[in-house]
Each structure stands twice: as structure tokens, then as C-alpha cells.
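Reproduced below: upload_15.csv, with CSV, C-alpha atoms.
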```csv
chain,number,residue,atom,x,y,z
A,1,MET,CA,-18.3,19.5,-6.0
A,2,LYS,CA,-20.7,21.5,-3.7
A,3,ASN,CA,-19.6,24.8,-2.2
A,4,THR,CA,-20.1,23.4,1.3
A,5,THR,CA,-17.7,20.6,0.5
A,6,ILE,CA,-15.2,23.0,-0.9
A,7,ILE,CA,-15.5,25.3,2.2
A,8,ALA,CA,-15.1,22.3,4.5
A,9,LEU,CA,-12.0,21.1,2.6
A,10,ILE,CA,-10.5,24.6,2.7
A,11,GLY,CA,-11.1,24.7,6.4
A,12,ILE,CA,-9.4,21.3,6.9
A,13,LEU,CA,-6.4,22.5,4.9
A,14,VAL,CA,-6.0,25.7,6.8
A,15,ILE,CA,-6.6,24.2,10.3
A,16,GLY,CA,-4.2,21.3,9.4
A,17,GLY,CA,-1.5,23.7,8.3
A,18,ALA,CA,-2.0,25.8,11.4
A,19,LEU,CA,-1.8,22.7,13.7
A,20,PHE,CA,1.4,21.6,12.0
A,21,LEU,CA,2.9,25.0,12.6
A,22,PHE,CA,2.0,25.5,16.2
A,23,THR,CA,3.2,22.3,17.6
A,24,GLY,CA,6.8,23.7,17.6
A,25,ASN,CA,8.7,25.1,20.6
A,26,ASP,CA,9.5,28.6,21.6
A,27,SER,CA,13.1,29.0,22.3
A,28,SER,CA,13.4,32.6,23.4
A,29,GLN,CA,15.9,33.3,26.1
A,30,THR,CA,17.4,36.3,28.0
A,31,ASN,CA,21.1,36.5,28.9
A,32,THR,CA,22.9,38.8,31.3
A,33,VAL,CA,26.3,40.3,31.5
A,34,VAL,CA,27.8,42.1,34.5
A,35,GLY,CA,30.1,45.1,34.0
A,36,THR,CA,33.4,45.0,35.9
A,37,GLY,CA,36.2,47.4,37.0
A,38,ASP,CA,36.1,51.1,37.8
A,39,LEU,CA,35.5,51.8,34.2
A,40,GLN,CA,32.8,49.1,33.5
A,41,LYS,CA,33.6,47.6,30.1
A,42,ILE,CA,30.9,45.8,28.3
A,43,THR,CA,30.8,44.4,24.8
A,44,LEU,CA,27.5,43.8,23.0
A,45,SER,CA,26.9,41.3,20.2
A,46,GLU,CA,24.0,40.6,17.9
A,47,LYS,CA,22.1,37.3,18.1
A,48,ASN,CA,18.6,36.3,17.0
A,49,TYR,CA,18.1,39.8,15.4
A,50,ASN,CA,18.6,41.5,18.7
A,51,TYR,CA,21.4,42.7,21.0
A,52,TYR,CA,23.1,40.0,23.0
A,53,PRO,CA,23.1,39.9,25.9
A,54,GLN,CA,19.9,41.8,26.5
A,55,VAL,CA,20.3,42.5,30.2
A,56,LEU,CA,23.4,44.4,31.3
A,57,LYS,CA,24.2,44.8,35.1
A,58,VAL,CA,26.3,47.8,36.0
A,59,LYS,CA,27.0,49.9,39.1
A,60,ALA,CA,25.2,53.2,39.3
A,61,GLY,CA,27.4,56.3,39.4
A,62,GLN,CA,30.4,54.6,37.8
A,63,PRO,CA,31.2,55.2,34.1
A,64,VAL,CA,30.4,52.5,31.6
A,65,GLU,CA,32.3,51.9,28.4
A,66,LEU,CA,30.3,50.0,25.8
A,67,THR,CA,31.5,48.5,22.5
A,68,LEU,CA,29.6,46.8,19.8
A,69,ASP,CA,31.5,43.9,18.2
A,70,SER,CA,31.7,43.1,14.5
A,71,SER,CA,28.5,40.9,14.6
A,72,VAL,CA,26.4,44.1,15.2
A,73,SER,CA,25.3,45.5,11.9
A,74,GLY,CA,23.0,48.0,10.3
A,75,CYS,CA,21.0,50.4,12.5
A,76,TYR,CA,21.9,48.3,15.5
A,77,ARG,CA,25.3,50.1,15.5
A,78,SER,CA,23.4,53.3,16.4
A,79,PHE,CA,23.0,52.9,20.1
A,80,ALA,CA,20.6,54.9,22.2
A,81,ILE,CA,19.5,55.2,25.8
A,82,LYS,CA,16.5,57.5,25.5
A,83,GLU,CA,16.1,58.2,29.2
A,84,LEU,CA,19.7,59.6,29.5
A,85,GLY,CA,19.8,61.2,26.1
A,86,VAL,CA,22.6,58.9,24.9
A,87,VAL,CA,22.7,58.5,21.1
A,88,GLN,CA,25.9,57.4,19.5
A,89,TYR,CA,26.8,55.7,16.2
A,90,ALA,CA,29.6,53.2,16.7
A,91,ARG,CA,30.8,52.8,13.2
A,92,THR,CA,33.5,50.1,14.0
A,93,PRO,CA,34.1,47.7,16.9
A,94,LYS,CA,36.8,50.1,18.1
A,95,ASP,CA,34.4,52.9,18.7
A,96,THR,CA,33.3,53.2,22.3
A,97,ILE,CA,30.1,54.6,23.9
A,98,GLN,CA,30.6,56.0,27.3
A,99,PHE,CA,27.9,57.0,29.8
A,100,THR,CA,27.1,56.8,33.5
A,101,LEU,CA,23.9,55.7,35.0
A,102,PRO,CA,23.1,58.3,37.7
A,103,LYS,CA,21.0,56.2,40.1
A,104,PRO,CA,20.0,52.5,40.7
A,105,GLY,CA,17.1,51.3,38.5
A,106,ASN,CA,16.3,49.9,35.1
A,107,TYR,CA,17.2,51.8,31.9
A,108,LYS,CA,16.0,50.7,28.5
A,109,PHE,CA,18.5,50.8,25.6
A,110,SER,CA,17.8,50.2,21.9
A,111,CYS,CA,19.1,51.0,18.5
A,112,THR,CA,17.9,54.4,17.3
A,113,MET,CA,15.1,52.8,15.2
A,114,GLY,CA,13.9,50.8,18.2
A,115,MET,CA,14.4,47.4,16.5
A,116,GLY,CA,17.1,46.0,18.9
A,117,THR,CA,16.3,46.5,22.6
A,118,GLY,CA,17.6,45.5,26.0
A,119,THR,CA,17.8,46.7,29.6
A,120,LEU,CA,20.6,48.2,31.7
A,121,VAL,CA,20.2,47.3,35.4
A,122,ALA,CA,22.0,49.8,37.6
A,123,GLU,CA,22.7,48.5,41.2
B,1,MET,CA,-29.5,42.9,-0.5
B,2,THR,CA,-26.8,42.9,-3.2
B,3,PHE,CA,-24.4,41.2,-0.8
B,4,THR,CA,-26.9,38.4,-0.4
B,5,HIS,CA,-27.0,38.2,-4.2
B,6,PHE,CA,-23.3,37.9,-4.2
B,7,LEU,CA,-23.4,35.1,-1.7
B,8,LYS,CA,-25.9,33.3,-3.9
B,9,GLU,CA,-23.7,33.8,-6.9
B,10,LEU,CA,-21.0,31.8,-5.2
B,11,ASN,CA,-23.2,28.9,-6.0
B,12,GLY,CA,-24.2,30.2,-9.4
B,13,ASN,CA,-23.0,29.8,-13.0
B,14,ARG,CA,-21.2,33.1,-13.3
B,15,VAL,CA,-17.4,33.4,-12.6
B,16,GLU,CA,-18.2,34.2,-9.0
B,17,GLY,CA,-19.4,30.6,-8.7
B,18,GLU,CA,-15.8,29.5,-9.4
B,19,LEU,CA,-14.2,31.6,-6.7
B,20,LEU,CA,-14.3,29.1,-4.0
B,21,LYS,CA,-13.0,26.4,-6.3
B,22,SER,CA,-10.1,28.7,-7.2
B,23,ILE,CA,-9.2,29.2,-3.6
B,24,PHE,CA,-9.3,25.5,-3.1
B,25,TYR,CA,-7.2,24.6,-6.1
B,26,SER,CA,-4.7,27.3,-5.1
B,27,LEU,CA,-4.4,26.0,-1.6
B,28,ILE,CA,-4.0,22.4,-2.7
B,29,THR,CA,-1.2,23.5,-5.1
B,30,SER,CA,0.7,25.5,-2.5
B,31,PHE,CA,0.3,22.9,0.3
B,32,ALA,CA,1.3,20.1,-2.1
B,33,ILE,CA,4.4,21.9,-3.1
B,34,LEU,CA,5.3,22.8,0.5
B,35,ALA,CA,4.6,19.3,1.7
B,36,ILE,CA,6.8,17.7,-1.0
B,37,LEU,CA,9.7,20.1,-0.4
B,38,TYR,CA,9.4,19.7,3.4
B,39,PHE,CA,9.5,15.9,3.1
B,40,PHE,CA,12.5,15.8,0.8
B,41,LYS,CA,14.5,18.8,1.8
B,42,PHE,CA,13.2,21.2,4.4
B,43,ARG,CA,12.8,18.9,7.4
B,44,PHE,CA,16.6,18.5,7.4
B,45,ILE,CA,17.0,22.3,7.9
B,46,ALA,CA,17.4,23.2,11.6
B,47,ASN,CA,14.5,25.2,13.1
B,48,PHE,CA,12.8,25.2,9.7
B,49,VAL,CA,9.2,25.4,11.0
B,50,ASP,CA,10.0,28.0,13.7
B,51,THR,CA,11.9,30.2,11.3
B,52,TYR,CA,10.0,30.0,8.1
B,53,GLY,CA,6.8,28.0,8.8
B,54,LEU,CA,4.4,30.8,9.7
B,55,TYR,CA,5.5,33.0,6.8
B,56,LEU,CA,5.3,30.2,4.2
B,57,PHE,CA,1.9,29.2,5.6
B,58,LEU,CA,0.6,32.8,5.4
B,59,ALA,CA,2.1,33.2,2.0
B,60,ALA,CA,0.2,30.1,0.8
B,61,LEU,CA,-3.0,31.5,2.2
B,62,SER,CA,-2.4,34.9,0.7
B,63,TYR,CA,-1.8,33.5,-2.8
B,64,ALA,CA,-5.0,31.5,-2.4
B,65,LEU,CA,-6.9,34.8,-1.9
B,66,LEU,CA,-5.0,36.6,-4.7
B,67,THR,CA,-5.5,34.0,-7.5
B,68,PRO,CA,-9.3,34.0,-7.5
B,69,LEU,CA,-9.2,37.7,-8.1
B,70,ILE,CA,-6.9,37.0,-11.1
B,71,HIS,CA,-9.5,34.4,-12.2
B,72,GLN,CA,-12.4,36.9,-11.8
B,73,VAL,CA,-10.7,39.8,-13.6
B,74,HIS,CA,-9.4,37.6,-16.4
B,75,ALA,CA,-12.9,36.3,-17.0
B,76,TYR,CA,-14.5,39.8,-17.5
B,77,LYS,CA,-11.5,41.1,-19.4
B,78,GLN,CA,-12.6,44.8,-19.8
B,79,PHE,CA,-13.5,47.2,-17.0
B,80,SER,CA,-14.3,50.9,-16.8
B,81,CYS,CA,-11.4,53.2,-15.9
B,82,MET,CA,-12.5,53.7,-12.3
B,83,SER,CA,-12.9,50.0,-11.6
B,84,GLY,CA,-9.7,49.1,-13.5
B,85,MET,CA,-7.7,51.6,-11.5
B,86,MET,CA,-9.1,50.3,-8.2
B,87,ILE,CA,-8.3,46.7,-9.3
B,88,GLY,CA,-4.8,47.5,-10.4
B,89,MET,CA,-4.1,49.5,-7.2
B,90,THR,CA,-5.6,47.0,-4.8
B,91,ILE,CA,-4.0,43.9,-6.3
B,92,GLY,CA,-0.6,45.7,-6.8
B,93,MET,CA,-0.6,47.1,-3.3
B,94,ILE,CA,-1.7,44.0,-1.4
B,95,ALA,CA,0.2,41.5,-3.4
B,96,GLY,CA,3.4,43.6,-3.1
B,97,PHE,CA,2.9,44.3,0.6
B,98,LEU,CA,2.2,40.7,1.6
B,99,ALA,CA,5.0,39.1,-0.5
B,100,GLY,CA,7.4,41.8,0.6
B,101,PHE,CA,6.5,41.4,4.3
B,102,TYR,CA,6.9,37.6,4.4
B,103,VAL,CA,10.2,37.6,2.5
B,104,GLY,CA,11.4,40.7,4.4
B,105,ALA,CA,10.7,38.9,7.7
B,106,THR,CA,13.1,36.1,6.9
B,107,ASN,CA,15.7,37.6,4.5
B,108,GLY,CA,15.8,41.3,5.2
B,109,MET,CA,14.5,44.5,3.8
B,110,PHE,CA,16.4,44.6,0.5
B,111,ILE,CA,15.4,41.2,-0.8
B,112,GLY,CA,11.9,41.5,0.7
B,113,SER,CA,11.3,44.8,-0.9
B,114,VAL,CA,12.7,43.7,-4.3
B,115,PHE,CA,10.5,40.6,-4.3
B,116,GLY,CA,7.5,42.5,-3.1
B,117,MET,CA,7.9,45.1,-5.8
B,118,LEU,CA,8.4,42.5,-8.4
B,119,VAL,CA,5.2,40.6,-7.4
B,120,GLY,CA,3.2,43.7,-6.8
B,121,ILE,CA,4.2,45.5,-10.0
B,122,CYS,CA,3.8,42.5,-12.2
B,123,LEU,CA,0.3,41.6,-10.9
B,124,GLY,CA,-0.7,45.3,-10.7
B,125,ILE,CA,0.2,45.8,-14.3
B,126,TRP,CA,-1.5,42.6,-15.5
B,127,MET,CA,-4.7,43.2,-13.6
B,128,GLY,CA,-4.7,47.0,-14.0
B,129,SER,CA,-4.5,46.6,-17.8
B,130,CYS,CA,-8.1,45.6,-17.8
B,131,CYS,CA,-9.0,49.2,-18.2
B,132,GLY,CA,-6.0,50.4,-20.3
B,133,VAL,CA,-3.0,52.6,-19.4
B,134,MET,CA,-4.5,54.2,-16.3
B,135,GLY,CA,-4.9,50.9,-14.5
B,136,PHE,CA,-1.5,49.9,-15.8
B,137,LEU,CA,0.1,52.9,-14.2
B,138,GLU,CA,-1.8,52.5,-11.0
B,139,GLY,CA,-0.7,48.9,-10.8
B,140,ILE,CA,3.0,49.9,-11.2
B,141,MET,CA,2.7,52.6,-8.6
B,142,ALA,CA,0.8,50.5,-6.1
B,143,GLY,CA,3.2,47.5,-6.5
B,144,PHE,CA,6.2,49.7,-6.1
B,145,MET,CA,4.8,51.2,-2.9
B,146,GLY,CA,3.4,48.0,-1.5
B,147,GLY,CA,6.6,46.0,-2.0
B,148,LEU,CA,8.8,48.6,-0.4
B,149,MET,CA,6.4,49.1,2.6
B,150,GLY,CA,6.1,45.3,3.1
B,151,GLY,CA,9.8,44.7,3.4
B,152,MET,CA,10.3,47.8,5.5
B,153,THR,CA,7.5,47.0,7.9
B,154,ALA,CA,8.7,43.5,8.5
B,155,ILE,CA,12.2,44.7,9.4
B,156,MET,CA,11.0,47.4,11.7
B,157,LEU,CA,9.0,44.9,13.7
B,158,LEU,CA,11.7,42.3,14.0
B,159,ASN,CA,11.8,42.5,17.8
B,160,ASP,CA,8.2,43.7,18.3
B,161,HIS,CA,5.6,41.0,17.8
B,162,LEU,CA,6.6,40.3,14.2
B,163,GLN,CA,4.7,37.0,13.9
B,164,ALA,CA,1.5,38.5,15.4
B,165,MET,CA,1.8,41.4,13.0
B,166,ALA,CA,2.2,38.9,10.1
B,167,VAL,CA,-1.2,37.4,11.0
B,168,ILE,CA,-2.8,40.8,11.3
B,169,VAL,CA,-1.4,41.9,8.0
B,170,PHE,CA,-2.7,38.7,6.4
B,171,LEU,CA,-6.1,39.2,7.9
B,172,VAL,CA,-6.4,42.8,6.8
B,173,GLY,CA,-5.0,42.1,3.3
B,174,GLY,CA,-7.2,39.1,2.9
B,175,ALA,CA,-10.3,41.1,3.9
B,176,ILE,CA,-9.4,43.8,1.3
B,177,LEU,CA,-9.0,41.2,-1.4
B,178,LEU,CA,-12.4,39.6,-0.6
B,179,CYS,CA,-14.0,43.1,-0.7
B,180,LEU,CA,-12.4,43.5,-4.1
B,181,ASN,CA,-14.1,40.3,-5.2
B,182,TYR,CA,-17.4,41.8,-4.1
B,183,MET,CA,-16.7,45.2,-5.8
B,184,ILE,CA,-15.9,43.4,-9.1
B,185,TYR,CA,-19.2,41.5,-8.8
B,186,LEU,CA,-21.1,44.8,-8.2
B,187,GLU,CA,-19.5,46.5,-11.1
B,188,MET,CA,-19.9,43.6,-13.5
B,189,LYS,CA,-23.1,42.0,-12.4
B,190,ASP,CA,-24.9,43.0,-15.6
B,191,ALA,CA,-22.0,42.1,-17.9
B,192,GLU,CA,-21.3,38.9,-19.6
B,193,ARG,CA,-18.1,37.0,-19.0
B,194,GLN,CA,-15.7,37.3,-21.9
B,195,ARG,CA,-13.3,34.4,-21.2
B,196,GLN,CA,-13.9,31.0,-19.8
B,197,GLY,CA,-12.2,30.2,-16.5
B,198,GLU,CA,-9.0,28.2,-16.6
B,199,TYR,CA,-8.0,26.6,-13.4
B,200,LEU,CA,-4.6,25.8,-15.0
B,201,LEU,CA,-3.9,29.5,-14.8
B,202,ILE,CA,-4.6,29.5,-11.1
B,203,VAL,CA,-2.5,26.4,-10.4
B,204,THR,CA,0.4,27.8,-12.5
B,205,ILE,CA,0.4,31.3,-10.9
B,206,THR,CA,0.1,29.7,-7.4
B,207,ALA,CA,3.0,27.3,-8.1
B,208,ALA,CA,5.2,30.0,-9.5
B,209,LEU,CA,4.6,32.4,-6.5
B,210,THR,CA,4.9,29.6,-3.9
B,211,LEU,CA,8.2,28.3,-5.4
B,212,ALA,CA,9.7,31.7,-5.8
B,213,THR,CA,8.8,32.7,-2.2
B,214,THR,CA,10.1,29.4,-0.8
B,215,TRP,CA,13.3,29.5,-2.8
B,216,LEU,CA,14.0,33.1,-1.8
B,217,MET,CA,13.3,32.4,1.9
B,218,ILE,CA,15.5,29.3,2.1
B,219,PHE,CA,18.2,29.8,-0.5
B,220,GLY,CA,18.0,33.5,-1.5
B,221,PRO,CA,20.3,36.3,-0.6
B,222,ARG,CA,20.0,37.8,2.9
B,223,SER,CA,20.9,41.1,4.5
B,224,ALA,CA,23.7,41.3,7.1
B,225,LEU,CA,21.2,41.1,9.9
B,226,PHE,CA,20.1,37.6,8.8
B,227,SER,CA,23.5,36.1,7.7
```

So, in terms of C-alpha cells, how does the structure I just supplied come out?
Amino acid sequence: MKNTTIIALIGILVIGGALFLFTGNDSSQTNTVVGTGDLQKITLSEKNYNYYPQVLKVKAGQPVELTLDSSVSGCYRSFAIKELGVVQYARTPKDTIQFTLPKPGNYKFSCTMGMGTGTLVAE
Amino acid sequence: MTFTHFLKELNGNRVEGELLKSIFYSLITSFAILAILYFFKFRFIANFVDTYGLYLFLAALSYALLTPLIHQVHAYKQFSCMSGMMIGMTIGMIAGFLAGFYVGATNGMFIGSVFGMLVGICLGIWMGSCCGVMGFLEGIMAGFMGGLMGGMTAIMLLNDHLQAMAVIVFLVGGAILLCLNYMIYLEMKDAERQRQGEYLLIVTITAALTLATTWLMIFGPRSALFS
């Protein structure tokens, strides 16, 4: 077999494989939860290797109490809001993380390793 | 000038003339295994292509670039210490990193790192032994480091363009492996080949690596993040 034939066959195999892969659908989605009450209580879960929901709506100037349920594991249990200097390790689902967003705006939250991320929307 | 000679040798009678065939046979082997498994088993798994497709595809391509190196090193048998250490280090590191990265992306850091270390150390030792104990040691160290780094990098990038990084990692790793093909040619262009090429070796190694990777990704243990 000539080298040009081999290169052509390798190309066909690679392109065929790539075409097969990229005919799939992207099913990414974002979900929102709204904090309620004077002490705004929110529970975060873990889904698709990230926090769920990823957008949390709360009122600015009112305290927020966040818990991480039992589905949250590993470094995701170490919760951080860099902008506010909030860093807390919630070892169990009973541990709470309390903070107050000072003014309306968007605040990024993540685990301390930056793997799981989301946004707090203060209104 | 020498690179032009290398390109000419891809059509020649030396072992370099068999490299393209090795890539082709390796790809055929991997794709045939994946196609058969997909037809009989994997197409019934929900979101199989979205979850595992890219990583299995890249793993097959990576193994197709690794096995010609094994073919080339196996043919020359003996290298100088400097070349042998470079061969052991490069193959151990890249094989460990790529295998660890792909499995780490679907199963978590622990199993990805363990698999990466296993592949990297085994191939690093085997290939590094072409120059004796120095290459052997270099292969162990590089496989150990590459496997750990591959699994860890995949996990760190889970929510930050992991698939794009998988493609980048493959392209960089693949370029390094091709450069190693060229380096071996440069070092050994005046030497005679010591062993005849056996394509059965390529097919066997590819099949073993593909089956191990596939089995681990689909049925292997997972970290809590993926359970």
C-alpha cells in the first residue's frame, strides 16, 4: 500500500470519527433559585459536576443562609465568594454558610479550587 | 535538510517506512473495537456519545501515535543513554498524561491518575530500557508524574472548557510524540535495525489499551463527583 493511500485512509478514519461525535446535542442549562424570608435560606446541590442551581437570586442587604446538601462532595463543600472574602468549609449538610450581599449586583461564587461556579444575583 | 530525509524515509525500507502503516493499523484496531462495542452495547447507554465519545476518540488517536514509537524503538533495540532517557521520559510522560487525562475526565482523579500512572510507568519502563537502568528509571518517574498530572488536570478543568482542553492536550502530546519519531531517526539514521517490525505487536498493544480505557470509563470505579 502506498503512503498516500495510507494517509488518505487515516484521514477518512479521523474525519469519520469526528463527524460521528459532533452530530450530538449540547444539553447545557442554567437554573435559578430565589431566596425567601428575612433570613434568606438557600440549599445548593450538585449536578453535572457543578453547583445546582447555578444562579441564586437574593435581596441585597439581607442575610443569606446557605447549606450544601448531601449530593455536594469533595472540594465543592468548600464554598467561596471571593469578592466578599467568604470562604467556608461546610463539612455536613447541617453546616450553614451565612453572608450578606452589601449592594445590588452580580457576585460570583465557587468552590475554593474554582471547579464549581455560579452567580449570586443581589436585587 | 535532515527533516526532508526523514520525510523521504517514510517511504523507504527502514523502520521509518513502516510508521504510517503502524498508525493506520492502530487506528483500524481501535475504531473496530469501539464500533463493535458501540453497536452491541454502548448505544444503549444514555448520553454515551456526549459523555464518553470525545475522550474515547482522542484516546484512540493518542494510542495510534504512541504505538508507532513502540514499533520504532523496538526495531532499533539499543540506544545511547542520552537518547534512551529521552525516549523513556517522553513516552512515559505523554502516555501517562493522556491516558490519565481521558479517564480522569470521566471517572475522577483517583482512577484517572492510577490508570495514567500504570500506562505511563509500564510504557516508560519498557521503552526506557532500550538504554539500560537510566532510561528505566526515567520511564518510571515520567510515568508516575504524567499519570498524576493527567488525572488532576482533567478534574481541575471540569467546569472550564474541559473538552477544548482535551483536544489541546491531544494536539500538543501528539506533536511531541511525532517529534520523538524524528529524534529517534536522527539518532539512529546510521544504525541498522536489530529487529523486524511486527504489526501484531501494534495491534495487540492498541487493543489492550483501547479495551482497558473503554472498560474503565464505562464500567470502572468512579469518584464521588461522578457517581

Inset, instruction - Write out as a list in words the residues lying within 12 Å of Val167 in chain B, counting only C-alpha atoms and excluding same-chain residues fewer than 2 positions away. - result: Ala18 of chain A; Leu54, Tyr55, Leu56, Phe57, Leu58, Ala59, Leu61, Ser62, Leu98, Phe101, Tyr102, Ala154, His161, Leu162, Gln163, Ala164, Met165, Val169, Phe170, Leu171, Val172, Gly173 and Gly174 of chain B

Create the file for the chosen residues now, containing C-alpha atoms and written as a short mmCIF file (atom, residue, chain, number, x, y, z; two decimals), in the coordinates of the input.
```
data_model
loop_
_atom_site.label_atom_id
_atom_site.label_comp_id
_atom_site.auth_asym_id
_atom_site.auth_seq_id
_atom_site.Cartn_x
_atom_site.Cartn_y
_atom_site.Cartn_z
CA ALA A 18 -2.00 25.80 11.40
CA LEU B 54 4.40 30.80 9.70
CA TYR B 55 5.50 33.00 6.80
CA LEU B 56 5.30 30.20 4.20
CA PHE B 57 1.90 29.20 5.60
CA LEU B 58 0.60 32.80 5.40
CA ALA B 59 2.10 33.20 2.00
CA LEU B 61 -3.00 31.50 2.20
CA SER B 62 -2.40 34.90 0.70
CA LEU B 98 2.20 40.70 1.60
CA PHE B 101 6.50 41.40 4.30
CA TYR B 102 6.90 37.60 4.40
CA ALA B 154 8.70 43.50 8.50
CA HIS B 161 5.60 41.00 17.80
CA LEU B 162 6.60 40.30 14.20
CA GLN B 163 4.70 37.00 13.90
CA ALA B 164 1.50 38.50 15.40
CA MET B 165 1.80 41.40 13.00
CA VAL B 169 -1.40 41.90 8.00
CA PHE B 170 -2.70 38.70 6.40
CA LEU B 171 -6.10 39.20 7.90
CA VAL B 172 -6.40 42.80 6.80
CA GLY B 173 -5.00 42.10 3.30
CA GLY B 174 -7.20 39.10 2.90
#
```

Quick one: contact table of chain A to chain B, 9 Å max, nearest atom pair and distance in Å to one decimal per residue, counting all atoms listed in the file, chain and number order, as a tab-separated table?
```
residue	atom	partner	partner_atom	distance
A:Met1	CA	B:Lys21	CA	8.7
A:Lys2	CA	B:Asn11	CA	8.1
A:Asn3	CA	B:Asn11	CA	6.6
A:Ile6	CA	B:Lys21	CA	6.7
A:Ile7	CA	B:Leu20	CA	7.4
A:Leu9	CA	B:Phe24	CA	7.7
A:Ile10	CA	B:Phe24	CA	6.0
A:Leu13	CA	B:Leu27	CA	7.6
A:Val14	CA	B:Leu61	CA	8.0
A:Gly17	CA	B:Phe57	CA	7.0
A:Ala18	CA	B:Phe57	CA	7.8
A:Phe20	CA	B:Val49	CA	8.7
A:Leu21	CA	B:Gly53	CA	6.2
A:Phe22	CA	B:Leu54	CA	8.7
A:Gly24	CA	B:Asp50	CA	6.6
A:Asn25	CA	B:Asp50	CA	7.6
A:Asp26	CA	B:Asp50	CA	7.9
A:Glu46	CA	B:Leu225	CA	8.5
A:Asn48	CA	B:Phe226	CA	8.4
A:Tyr49	CA	B:Leu225	CA	6.4
A:Asn50	CA	B:Asn159	CA	6.9
A:Ser71	CA	B:Leu225	CA	8.7
A:Val72	CA	B:Leu225	CA	8.0
A:Ser73	CA	B:Leu225	CA	6.3
A:Gly74	CA	B:Leu225	CA	7.1
A:Met113	CA	B:Met156	CA	7.6
A:Gly114	CA	B:Met156	CA	7.9
A:Met115	CA	B:Asn159	CA	5.7
A:Gly116	CA	B:Asn159	CA	6.4
A:Thr117	CA	B:Asn159	CA	7.7
```

Legend entry - Given all atoms listed in the file as the counted atoms, nearest of B:Ile36, B:Ala166, B:Leu7, B:Ile91 to Leu186 in chain B: B:Leu7

Legend entry - Nearby residues (all atoms listed in the file) at most 8 Å from Ala60 in chain A, same-chain spacing under 4 positions excluded, as a count of residues only: 7

Legend entry - d(CA of Ala35 in chain B, CA of Gly100 in chain B) in Å: 22.7 Å

Inset, instruction - Between CA of Phe39 in chain B and CA of Gly96 in chain B, measure the distance and give it in Å to one decimal. - result: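 Going from CA of Phe39 in chain B over to CA of Gly96 in chain B covers 29.0 Å.
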
Inset, instruction - Kindly give the distance, in Å, that separates CA of Gln194 in chain B and CA of Ala75 in chain B, rounded to a single decimal. - result: 5.7 Å

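Minimum distance to Ala80 in chain A across A:Gln62, A:Thr23, A:Thr4, A:Thr112 (counting all atoms listed in the file) occurs at A:Thr112.
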